[in-house]
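Comments concern the structure below.
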Amino acid sequence: MTLQNLPADAQAFLAPAKLNLMLHITGRRDDGYHLLETVFTFIGLYDTVHIRSRNDGQIVLHTLIDGVDAEQDLSVRAARALQQASGSTLGADLWVEKNIPMGGGLGGGSSDAATVLLALNQLWHTQLTRQQLMDLGLKLGADVPVFIFGQNSFASGIGEVLTEVSVPNQWYVVVKPNVHVATAKIFGHERLTRDSAPSIIRVFPRVQPLRNDMQAVVCEEYPEVAAALSRLKQFGAAMMTGSGACVFLACETESAAREVYAQVATEYEAYCVAGLDQHPLSTLK
Ligand SMILES: C[C@@](CO)(OP(=O)(O)O)[C@H](O)COP(=O)(O)OP(=O)(O)OC[C@H]1O[C@@H](n2ccc(N)nc2=O)[C@H](O)[C@@H]1O
Ligand SMILES: Nc1ncnc2c1ncn2[C@@H]1O[C@H](COP(=O)(O)OP(=O)(O)O)[C@@H](O)[C@H]1O
């Protein structure tokens with residue numbers, strides 16, 4: 001997607017996708033939210049959020065997503081949350097250039113929200129700390145805090161208790177089955193595993209196999225995900241990310257990843273991307 005007629009004074013900020021390299025569900029809170037343990041890594045697949053500050057306090061989204069009301073768009077919700085928390089009277093024009101497939105377990109909406117919080121905190125001079133932005137972000141979605149934290153992380157709680165973790169330099173082939181998985185439906189599924197033993201990971205384990213506790217029920221409910229997973233498993237230990245629908249394979253080298261990509265891209269929407277050492281805005285003040 002490219003944007004026509006962007007004003008020259010709009011600033012561009014990247015919003016990368018994430019993968020969950022493992023995901024264990026260890027319990028459930030009283031409010032129904034699930035306790036999980038997951039390793040997040042950022043990957044080189046990006047939305048770009050273009051932002052121009054306004055003096056009149058209005059938040060205007062110029063790029064509507066089909067089926068998502070402007071006020072429900074996570075980029076708008078993030079801007080409004082920061083206005084409210086900071087008391088700023090400034091506003092913003094927003095253009096979100098989407099490249100991350102939606103509802104694929106790649107965290108695109110959450111990443112857009114995090115990028116808006118980080119960018120507007122700078123443009124509006126609102127000076128919230130990263131921790132304050134993470135707390136704000138958590139109210140928008142369980143996946144938002146890690147994008148503000150900015151480092152590949154081991155996460156517990158509902159995804160907000162974060163410890164930086166070292167992930168090997170890897171390439172990833174990501175395949176998007178042509179189906180939308182309803183996250184809440186999977187979290188509510190009667191056969192979902194919810195009793196994995198807690199663990200603490202500080203160095204990413206190279207030992208295979210890694211596991212995603214949501215994968216079995218998603219494959220049961222969505223045969224398209226099961227089919228994409230079996231196809232990718234022909235090349236190695238493929239896994240699903242988050243609540244799906246995307247599945248991925250980690251490869252040690254770019255050339256290995258490109259070979260797999262060439263084979264699956266004729267059948268599926270697919271991406272061949274490098275893992276990132278950190279979020280591109282991790283040093284933004
Ligand atoms: C599964 C994960 C793994 O990274 O990612 P995605 O596949 O969505 O990207 C996340 O935990 C998803 O986070 P996010 O997509 O932000 O979810 P939210 O909007 O906060 O929640 C959507 C719904 O899922 C359920 N939910 C979500 C998170 C959680 N820890 N327990 C839950 O039970 C709740 O029913 C909630 O209403
Ligand atoms: N800026 C946004 N980008 C993507 N999705 C958004 C956005 N704002 C709201 N949404 C809604 O959030 C849903 C989940 O999107 P996304 O975060 O991309 O997927 P996932 O949670 O599976 O990783 C979308 O299907 C859409 O309805």
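Chain labels A, B, ... are given in the sequence in which chains occur in the structure tokens; within each chain residues are numbered consecutively from 1, and ligands are likewise numbered from 1 in the order shown.
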task: Give the residue list for ligand 1 at 9 Å, counting only C-alpha atoms and all ligand atoms, as number ranges by chain, sorted by chain and then by residue number.
output: A: 18-20, 23, 25, 28-29, 31-36, 38-40, 103-110, 138-144, 157-159, 181-188, 214, 241-246
- request: Please report, as a count of residues only, each residue of segment 135-237 of chain A to which DSSP assigns helix (DSSP H, G or I) when run on this structure's backbone.
  value: 33
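Atom CA of Ile51 of chain A sits 5.1 Å away from atom CA of Ala10 of chain A.
Of the listed residues (A:Thr41, A:Gln58, A:Gln11, A:Thr115), A:Thr41 comes nearest to Val273 of chain A; the distances count only C-alpha atoms.
Compared by their closest atoms to Asp195 of chain A, and using only C-alpha atoms, the residues A:Gln72, A:Gly27, A:Leu6, A:Gln131 rank with A:Gly27 nearest.
Minimum atom-to-atom distances from A:Ile65, A:Leu128, A:Leu21, A:Met134 to Met240 of chain A were compared using only C-alpha atoms, and the lowest value belongs to A:Leu21.
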Identify, with DSSP run on backbone atoms, the residues in segment 53-181 of chain A assigned to strand (DSSP E), and express the list as a PDB file with N, CA and C atoms, in the first residue's frame.
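Saved to result_8.pdb:
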```pdb
ATOM      1  N   SER A  53       1.135  16.784  13.776  1.00  0.00           N
ATOM      2  CA  SER A  53       0.476  17.336  14.957  1.00  0.00           C
ATOM      3  C   SER A  53      -0.495  18.441  14.533  1.00  0.00           C
ATOM      4  N   ARG A  54      -1.615  18.585  15.243  1.00  0.00           N
ATOM      5  CA  ARG A  54      -2.591  19.654  14.977  1.00  0.00           C
ATOM      6  C   ARG A  54      -2.772  20.478  16.249  1.00  0.00           C
ATOM      7  N   ILE A  59      -8.389  14.490  16.453  1.00  0.00           N
ATOM      8  CA  ILE A  59      -7.631  13.322  15.982  1.00  0.00           C
ATOM      9  C   ILE A  59      -8.317  12.883  14.690  1.00  0.00           C
ATOM     10  N   VAL A  60      -7.606  12.981  13.574  1.00  0.00           N
ATOM     11  CA  VAL A  60      -8.217  12.677  12.276  1.00  0.00           C
ATOM     12  C   VAL A  60      -7.457  11.537  11.607  1.00  0.00           C
ATOM     13  N   LEU A  61      -8.164  10.419  11.380  1.00  0.00           N
ATOM     14  CA  LEU A  61      -7.553   9.273  10.689  1.00  0.00           C
ATOM     15  C   LEU A  61      -7.914   9.363   9.209  1.00  0.00           C
ATOM     16  N   GLY A  91      -3.753  17.900  18.844  1.00  0.00           N
ATOM     17  CA  GLY A  91      -4.385  16.798  18.125  1.00  0.00           C
ATOM     18  C   GLY A  91      -3.412  16.231  17.102  1.00  0.00           C
ATOM     19  N   ALA A  92      -3.944  15.398  16.180  1.00  0.00           N
ATOM     20  CA  ALA A  92      -3.046  14.801  15.179  1.00  0.00           C
ATOM     21  C   ALA A  92      -3.815  14.355  13.947  1.00  0.00           C
ATOM     22  N   ASP A  93      -3.144  14.480  12.795  1.00  0.00           N
ATOM     23  CA  ASP A  93      -3.580  13.799  11.573  1.00  0.00           C
ATOM     24  C   ASP A  93      -2.786  12.508  11.492  1.00  0.00           C
ATOM     25  N   LEU A  94      -3.490  11.401  11.196  1.00  0.00           N
ATOM     26  CA  LEU A  94      -2.829  10.088  11.142  1.00  0.00           C
ATOM     27  C   LEU A  94      -3.082   9.422   9.802  1.00  0.00           C
ATOM     28  N   TRP A  95      -2.041   8.855   9.230  1.00  0.00           N
ATOM     29  CA  TRP A  95      -2.175   8.020   8.041  1.00  0.00           C
ATOM     30  C   TRP A  95      -1.476   6.697   8.363  1.00  0.00           C
ATOM     31  N   VAL A  96      -2.200   5.587   8.365  1.00  0.00           N
ATOM     32  CA  VAL A  96      -1.569   4.299   8.679  1.00  0.00           C
ATOM     33  C   VAL A  96      -1.423   3.499   7.390  1.00  0.00           C
ATOM     34  N   GLU A  97      -0.174   3.281   7.020  1.00  0.00           N
ATOM     35  CA  GLU A  97       0.132   2.529   5.804  1.00  0.00           C
ATOM     36  C   GLU A  97       0.266   1.071   6.210  1.00  0.00           C
ATOM     37  N   SER A 153      11.337 -10.061  23.943  1.00  0.00           N
ATOM     38  CA  SER A 153      11.043 -10.262  25.360  1.00  0.00           C
ATOM     39  C   SER A 153      10.442 -11.611  25.681  1.00  0.00           C
ATOM     40  N   PHE A 154      10.720 -12.037  26.918  1.00  0.00           N
ATOM     41  CA  PHE A 154       9.928 -13.094  27.542  1.00  0.00           C
ATOM     42  C   PHE A 154       8.825 -12.379  28.302  1.00  0.00           C
ATOM     43  N   ALA A 155       7.569 -12.763  28.051  1.00  0.00           N
ATOM     44  CA  ALA A 155       6.451 -12.077  28.693  1.00  0.00           C
ATOM     45  C   ALA A 155       5.652 -13.045  29.539  1.00  0.00           C
ATOM     46  N   SER A 156       5.218 -12.566  30.704  1.00  0.00           N
ATOM     47  CA  SER A 156       4.257 -13.338  31.501  1.00  0.00           C
ATOM     48  C   SER A 156       3.125 -12.394  31.884  1.00  0.00           C
ATOM     49  N   VAL A 161       4.224  -8.379  31.692  1.00  0.00           N
ATOM     50  CA  VAL A 161       5.399  -8.480  32.568  1.00  0.00           C
ATOM     51  C   VAL A 161       6.560  -8.927  31.677  1.00  0.00           C
ATOM     52  N   LEU A 162       7.452  -7.988  31.386  1.00  0.00           N
ATOM     53  CA  LEU A 162       8.393  -8.213  30.291  1.00  0.00           C
ATOM     54  C   LEU A 162       9.842  -8.253  30.765  1.00  0.00           C
ATOM     55  N   THR A 163      10.576  -9.231  30.266  1.00  0.00           N
ATOM     56  CA  THR A 163      12.009  -9.314  30.512  1.00  0.00           C
ATOM     57  C   THR A 163      12.685  -9.448  29.162  1.00  0.00           C
ATOM     58  N   GLU A 164      13.697  -8.614  28.938  1.00  0.00           N
ATOM     59  CA  GLU A 164      14.413  -8.692  27.656  1.00  0.00           C
ATOM     60  C   GLU A 164      15.011 -10.085  27.502  1.00  0.00           C
ATOM     61  N   TRP A 171      16.058 -15.808  10.254  1.00  0.00           N
ATOM     62  CA  TRP A 171      15.110 -15.373   9.242  1.00  0.00           C
ATOM     63  C   TRP A 171      13.829 -16.162   9.420  1.00  0.00           C
ATOM     64  N   TYR A 172      12.733 -15.599   8.940  1.00  0.00           N
ATOM     65  CA  TYR A 172      11.445 -16.265   9.115  1.00  0.00           C
ATOM     66  C   TYR A 172      10.663 -16.277   7.801  1.00  0.00           C
ATOM     67  N   VAL A 173      10.043 -17.425   7.536  1.00  0.00           N
ATOM     68  CA  VAL A 173       9.049 -17.486   6.465  1.00  0.00           C
ATOM     69  C   VAL A 173       7.698 -17.506   7.170  1.00  0.00           C
ATOM     70  N   VAL A 174       6.870 -16.507   6.860  1.00  0.00           N
ATOM     71  CA  VAL A 174       5.557 -16.393   7.502  1.00  0.00           C
ATOM     72  C   VAL A 174       4.496 -16.650   6.435  1.00  0.00           C
ATOM     73  N   VAL A 175       3.562 -17.542   6.739  1.00  0.00           N
ATOM     74  CA  VAL A 175       2.494 -17.870   5.790  1.00  0.00           C
ATOM     75  C   VAL A 175       1.152 -17.455   6.387  1.00  0.00           C
ATOM     76  N   LYS A 176       0.352 -16.768   5.584  1.00  0.00           N
ATOM     77  CA  LYS A 176      -0.958 -16.282   6.054  1.00  0.00           C
ATOM     78  C   LYS A 176      -2.053 -17.107   5.376  1.00  0.00           C
TER      79      LYS A 176
END
```
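Our summary of the geometry notes that atom CA of Pro280 of chain A is positioned 6.8 Å from atom CA of Leu14 of chain A.
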Between atom CA of Phe42 of chain A and atom CA of Leu82 of chain A - distance in Å to one decimal: 23.8 Å
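Nearest to Leu281 of chain A of all the residues A:Gln151, A:Thr26, A:Ser75, A:Ser86 is A:Gln151, counting only C-alpha atoms.
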Near-Val260 of chain A list (9 Å; only C-alpha atoms; drop same-chain fewer than 6 positions) as an MDAnalysis selection string: chainID A and resid 173 232 235 249 272
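Between ligand 2 and the residues A:Asp30, A:Glu224, A:Lys98, A:Ala8, the shortest atom-to-atom distance, using only C-alpha atoms and all ligand atoms, involves A:Lys98.
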Residues near Ala227 of chain A, cut-off 12 Å, only C-alpha atoms, skip fewer than 3 positions along chain, as an mmCIF file with N, CA and C atoms, in the first residue's frame:
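Done, and the output landed in part28.cif:
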```cif
data_model
loop_
_atom_site.group_PDB
_atom_site.id
_atom_site.type_symbol
_atom_site.label_atom_id
_atom_site.label_comp_id
_atom_site.auth_asym_id
_atom_site.auth_seq_id
_atom_site.Cartn_x
_atom_site.Cartn_y
_atom_site.Cartn_z
ATOM 1 N N VAL A 175 3.562 -17.542 6.739
ATOM 2 C CA VAL A 175 2.494 -17.870 5.790
ATOM 3 C C VAL A 175 1.152 -17.455 6.387
ATOM 4 N N LYS A 176 0.352 -16.768 5.584
ATOM 5 C CA LYS A 176 -0.958 -16.282 6.054
ATOM 6 C C LYS A 176 -2.053 -17.107 5.376
ATOM 7 N N PRO A 177 -2.642 -18.061 6.110
ATOM 8 C CA PRO A 177 -3.783 -18.788 5.537
ATOM 9 C C PRO A 177 -4.932 -17.808 5.320
ATOM 10 N N ASN A 178 -5.770 -18.112 4.357
ATOM 11 C CA ASN A 178 -6.836 -17.178 4.002
ATOM 12 C C ASN A 178 -8.041 -17.335 4.932
ATOM 13 N N VAL A 179 -7.839 -17.016 6.202
ATOM 14 C CA VAL A 179 -8.908 -17.163 7.184
ATOM 15 C C VAL A 179 -8.608 -16.224 8.350
ATOM 16 N N VAL A 218 -6.876 -24.065 17.385
ATOM 17 C CA VAL A 218 -7.036 -23.265 16.154
ATOM 18 C C VAL A 218 -7.049 -24.213 14.948
ATOM 19 N N CYS A 219 -6.151 -25.194 14.931
ATOM 20 C CA CYS A 219 -6.109 -26.141 13.802
ATOM 21 C C CYS A 219 -7.401 -26.967 13.728
ATOM 22 N N GLU A 220 -7.952 -27.274 14.910
ATOM 23 C CA GLU A 220 -9.207 -28.028 14.960
ATOM 24 C C GLU A 220 -10.361 -27.200 14.358
ATOM 25 N N GLU A 221 -10.389 -25.909 14.707
ATOM 26 C CA GLU A 221 -11.499 -25.038 14.281
ATOM 27 C C GLU A 221 -11.319 -24.481 12.874
ATOM 28 N N TYR A 222 -10.078 -24.335 12.451
ATOM 29 C CA TYR A 222 -9.790 -23.708 11.151
ATOM 30 C C TYR A 222 -8.880 -24.620 10.329
ATOM 31 N N PRO A 223 -9.457 -25.493 9.493
ATOM 32 C CA PRO A 223 -8.650 -26.430 8.703
ATOM 33 C C PRO A 223 -7.637 -25.723 7.797
ATOM 34 N N GLU A 224 -7.933 -24.479 7.424
ATOM 35 C CA GLU A 224 -6.990 -23.722 6.564
ATOM 36 C C GLU A 224 -5.656 -23.505 7.299
ATOM 37 N N SER A 230 0.840 -27.808 7.961
ATOM 38 C CA SER A 230 1.438 -29.057 7.437
ATOM 39 C C SER A 230 2.338 -28.767 6.242
ATOM 40 N N ARG A 231 1.920 -27.797 5.417
ATOM 41 C CA ARG A 231 2.758 -27.462 4.254
ATOM 42 C C ARG A 231 4.120 -26.941 4.721
ATOM 43 N N LEU A 232 4.093 -26.014 5.692
ATOM 44 C CA LEU A 232 5.349 -25.410 6.154
ATOM 45 C C LEU A 232 6.191 -26.415 6.942
ATOM 46 N N LYS A 233 5.526 -27.374 7.586
ATOM 47 C CA LYS A 233 6.258 -28.390 8.356
ATOM 48 C C LYS A 233 7.060 -29.319 7.449
ATOM 49 N N GLN A 234 6.757 -29.295 6.137
ATOM 50 C CA GLN A 234 7.562 -30.100 5.208
ATOM 51 C C GLN A 234 9.005 -29.578 5.146
ATOM 52 N N ALA A 238 7.756 -25.867 11.912
ATOM 53 C CA ALA A 238 6.892 -24.692 11.777
ATOM 54 C C ALA A 238 5.922 -24.612 12.943
ATOM 55 N N MET A 240 2.555 -21.919 14.830
ATOM 56 C CA MET A 240 1.612 -20.812 14.677
ATOM 57 C C MET A 240 2.072 -19.653 15.580
ATOM 58 N N ALA A 245 -3.999 -16.308 12.467
ATOM 59 C CA ALA A 245 -3.909 -17.493 11.654
ATOM 60 C C ALA A 245 -2.528 -17.754 11.067
ATOM 61 N N CYS A 246 -1.571 -16.819 11.204
ATOM 62 C CA CYS A 246 -0.292 -17.019 10.523
ATOM 63 C C CYS A 246 0.528 -18.127 11.175
ATOM 64 N N VAL A 247 1.267 -18.823 10.326
ATOM 65 C CA VAL A 247 2.213 -19.840 10.778
ATOM 66 C C VAL A 247 3.587 -19.430 10.250
ATOM 67 N N GLU A 267 1.603 -20.610 -3.446
ATOM 68 C CA GLU A 267 0.326 -21.150 -2.939
ATOM 69 C C GLU A 267 -0.342 -20.235 -1.922
ATOM 70 N N TYR A 268 0.453 -19.455 -1.209
ATOM 71 C CA TYR A 268 -0.071 -18.671 -0.080
ATOM 72 C C TYR A 268 0.439 -17.243 -0.116
#
```
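Minimum atom-to-atom distance to Thr126 of chain A, evaluated using only C-alpha atoms, belongs to A:Thr89 out of A:Ser111, A:Thr89, A:Asn152, A:Ser255.
The residue set within 7 Å of Gly150 of chain A, counting only C-alpha atoms and dropping same-chain residues fewer than 5 places from it, reads Gln278, His279 and Ser282 of chain A.
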